[in-house]
Amino acid sequence: MKIGELDLGRRAILAPMADVTDAPFRKIAREQGAGLTFTQMISAKGIIDNVFRSLKALAFNRSEKPIGIQLLGRDESYIYNAIQDLKSLNPDVIDLNCGCSVQDVCKYGLGAAILDEPELLGRLVKTMVRAAGNIPVSVKIRLGRTRQKINVIENAKIIEGNGASFITVHARVRNDKYIDEPLWHWIGKVKQAVSIPVIGNGSLFSADECIRMIDETGCDSVFIARGAIGNPFIFKRLNLLMETGIDPGLPHIDEVKKVALKHLHLLKLDSGEEMGVRKAYKNLIWYFRFYNGISQFIEDIFSFNDLKALEEFIEAHCERIKNNLYSEEDLGKITQDFNNRVLFWAKETKS
């Protein structure tokens, strides 16, 4: 798939996720075969007002390219001026978030709330294209507000008509929960309705599911979000499945350990040791959720406050996995809890 001068081939894209797709996460995903990564969702107003949190989330190294920046906003002047500032960073894509369904976002008329205002959506896209110049503009959307009020075709045509280079369709409506099955067939309907590339998104947790979405909908590529958390290997597995027809399956625990430890070190370099270790808790839980011993891992991990002790804990945990020293767990249920966005490790909410 080509986006402007960027040729992604058949590689998948790492979707932007708040408090997840920071620089360490993006670097790991790229090393594992993601064709393009995105920053976290960033407020256009935050960029203009020089809000530290927004500017830190925006920062990326040239070695991370190709990379996209996702903006949140509904004010044309903020969007225009924010993009003027962003152009000096030379991102490969600038995306408008019209897919976030969180109430704290939608109550301000942002994110998926914009889907109820097609005329505003058109003006925002037109403004972005005018401001971005040669940088491709994209929009991430949902199907509509409710399953009885799906307006994705109308919105997709507006996005195309105002100059966007591609559209990402999350196959759920604004009112859906992650436990609700995505309506993939609407991605296919959007693909038939517009001529620009369409990216599919919605409950992609395995390489097989990515292939099935592409085959069933005809979408040009896929956005992988929660399916990549603690599982950046999904990109490599998808690439191999496309090239050879064979999915190599879950990596050996030694490979998981190697990547998890690298992620831990990148977090330390990015945020300092104390904060890096705290940020690593949830990432490490996600890495090891596929293996027996995850319940004990969750019980113990929050007691470690320094890098060396945490590394030793991970090494010991992996040895126990390799030697089958943990009791059998209901890993299917744990995986399903994660897929449904349930914080199944209660202690994290207290840390």
# chains A, B, ... in the order shown; residues from 1 in each chain; ligands from 1

$ closest_atom_pairs --of "range 41-139 of chain A" --to "range 150-162 of chain A" --cutoff "6 Å" --atoms "only C-alpha atoms" --output "Markdown table"
| residue | atom | partner | partner_atom | distance |
| --- | --- | --- | --- | --- |
| A:Gly122 | CA | A:Ile158 | CA | 5.7 |
| A:Val125 | CA | A:Asn162 | CA | 6.0 |
| A:Lys126 | CA | A:Asn162 | CA | 5.0 |

$ write_last_selection --atoms "C-alpha atoms" --output "CSV table (one decimal), in the first residue's frame"
chain,number,residue,atom,x,y,z
A,122,GLY,CA,-15.4,18.0,6.0
A,125,VAL,CA,-10.2,17.5,6.8
A,126,LYS,CA,-10.0,20.3,4.2

$ atom_distance --atom1 "CA of Trp186 in chain A" --atom2 "CA of Ala171 in chain A"
6.6 Å

$ closest_residue --among "A:Glu119, A:Gly249, A:Lys56, A:Asp306" --to "Gly272 in chain A" --atoms "only C-alpha atoms"
A:Asp306

$ atom_distance --atom1 "CA of Ile135 in chain A" --atom2 "CA of Asn239 in chain A"
26.3 Å

$ closest_atom_pairs --of "range 193-230 of chain A" --to "range 27-32 of chain A" --cutoff "12 Å" --atoms "only C-alpha atoms" --output "JSON lines"
{"residue": "A:Ile224", "atom": "CA", "partner": "A:Ala29", "partner_atom": "CA", "distance": 10.5}
{"residue": "A:Ala225", "atom": "CA", "partner": "A:Ala29", "partner_atom": "CA", "distance": 11.2}
{"residue": "A:Gly227", "atom": "CA", "partner": "A:Ala29", "partner_atom": "CA", "distance": 11.6}
{"residue": "A:Ala228", "atom": "CA", "partner": "A:Ala29", "partner_atom": "CA", "distance": 7.9}
{"residue": "A:Ile229", "atom": "CA", "partner": "A:Ala29", "partner_atom": "CA", "distance": 9.5}
{"residue": "A:Gly230", "atom": "CA", "partner": "A:Ala29", "partner_atom": "CA", "distance": 10.0}

$ write_last_selection --atoms "N, CA and C atoms" --output "mmCIF file, in the first residue's frame"
data_model
loop_
_atom_site.group_PDB
_atom_site.id
_atom_site.type_symbol
_atom_site.label_atom_id
_atom_site.label_comp_id
_atom_site.auth_asym_id
_atom_site.auth_seq_id
_atom_site.Cartn_x
_atom_site.Cartn_y
_atom_site.Cartn_z
ATOM 1 N N ILE A 224 -3.315 -2.368 13.930
ATOM 2 C CA ILE A 224 -3.296 -3.259 15.083
ATOM 3 C C ILE A 224 -3.116 -2.418 16.332
ATOM 4 N N ALA A 225 -4.058 -2.517 17.252
ATOM 5 C CA ALA A 225 -4.024 -1.735 18.488
ATOM 6 C C ALA A 225 -3.746 -2.655 19.668
ATOM 7 N N GLY A 227 -4.046 -5.663 20.119
ATOM 8 C CA GLY A 227 -3.400 -6.924 19.746
ATOM 9 C C GLY A 227 -1.893 -6.869 19.737
ATOM 10 N N ALA A 228 -1.319 -5.652 19.753
ATOM 11 C CA ALA A 228 0.139 -5.513 19.753
ATOM 12 C C ALA A 228 0.713 -5.275 21.143
ATOM 13 N N ILE A 229 -0.155 -5.057 22.147
ATOM 14 C CA ILE A 229 0.337 -4.761 23.491
ATOM 15 C C ILE A 229 0.917 -6.031 24.103
ATOM 16 N N GLY A 230 2.187 -5.990 24.449
ATOM 17 C CA GLY A 230 2.863 -7.175 24.966
ATOM 18 C C GLY A 230 3.024 -8.248 23.914
#

$ select_by_dssp --residues "range 64-205 of chain A" --states "strand (DSSP E)" --output "JSON, numbers by chain"
{"A": [67, 68, 69, 70, 71, 72, 93, 94, 95, 96, 97, 98, 137, 138, 139, 140, 141, 166, 167, 168, 169, 170, 198, 199, 200, 201]}

$ closest_residue --among "A:Phe38, A:Tyr281, A:Tyr108, A:Phe235" --to "Leu71 in chain A" --atoms "only C-alpha atoms"
A:Phe38

$ closest_residue --among "A:Ile301, A:Leu143, A:Cys210, A:Leu331" --to "His317 in chain A" --atoms "only C-alpha atoms"
A:Ile301

$ residues_around --residues "Ala260 in chain A" --least-positions-apart "4" --cutoff "8 Å" --atoms "only C-alpha atoms" --output "list in words"
Val256, Leu264, Leu284 and Tyr287 of chain A

$ residues_around --residues "range 96-100 of chain A" --least-positions-apart "2" --cutoff "9 Å" --atoms "only C-alpha atoms" --output "PyMOL selection string"
chain A and resi 41+69-73+94+102-103+105-106+110-115+121+124-125+128+137-143+169-170+173-174

$ closest_residue --among "A:Ile67, A:Ile3, A:Val198, A:Ala23" --to "His263 in chain A" --atoms "only C-alpha atoms"
A:Ala23

$ closest_residue --among "A:Lys279, A:Lys149, A:Lys258, A:Lys191" --to "Asp22 in chain A" --atoms "only C-alpha atoms"
A:Lys279

$ select_by_dssp --residues "range 193-237 of chain A" --states "helix (DSSP H, G or I)" --output "PyMOL selection string"
chain A and resi 193+207-217+226-228+233-237

$ closest_atom_pairs --of "range 105-222 of chain A" --to "range 77-90 of chain A" --cutoff "7 Å" --atoms "only C-alpha atoms" --output "tab-separated table"
residue	atom	partner	partner_atom	distance
A:Thr127	CA	A:Tyr80	CA	6.2
A:Met128	CA	A:Tyr80	CA	6.2
A:Ala131	CA	A:Tyr80	CA	5.6
A:Ala132	CA	A:Ile83	CA	6.3

$ write_last_selection --atoms "N, CA and C atoms" --output "short mmCIF file (atom, residue, chain, number, x, y, z; two decimals), in the first residue's frame"
data_model
loop_
_atom_site.label_atom_id
_atom_site.label_comp_id
_atom_site.auth_asym_id
_atom_site.auth_seq_id
_atom_site.Cartn_x
_atom_site.Cartn_y
_atom_site.Cartn_z
N THR A 127 -9.10 21.63 6.05
CA THR A 127 -8.10 22.47 6.74
C THR A 127 -6.79 21.73 6.92
N MET A 128 -6.88 20.47 7.32
CA MET A 128 -5.67 19.67 7.53
C MET A 128 -4.89 19.50 6.24
N ALA A 131 -3.17 22.71 5.33
CA ALA A 131 -2.04 23.02 6.21
C ALA A 131 -0.88 22.07 6.02
N ALA A 132 -1.17 20.80 5.71
CA ALA A 132 -0.13 19.78 5.68
C ALA A 132 0.73 19.80 4.43
#

$ residues_around --residues "range 5-13 of chain A" --least-positions-apart "4" --cutoff "6 Å" --atoms "only C-alpha atoms" --output "list of chain:residue names"
A:Met1, A:Ala34, A:Gly35, A:Leu36, A:Thr37, A:Ser221, A:Val222, A:Phe223
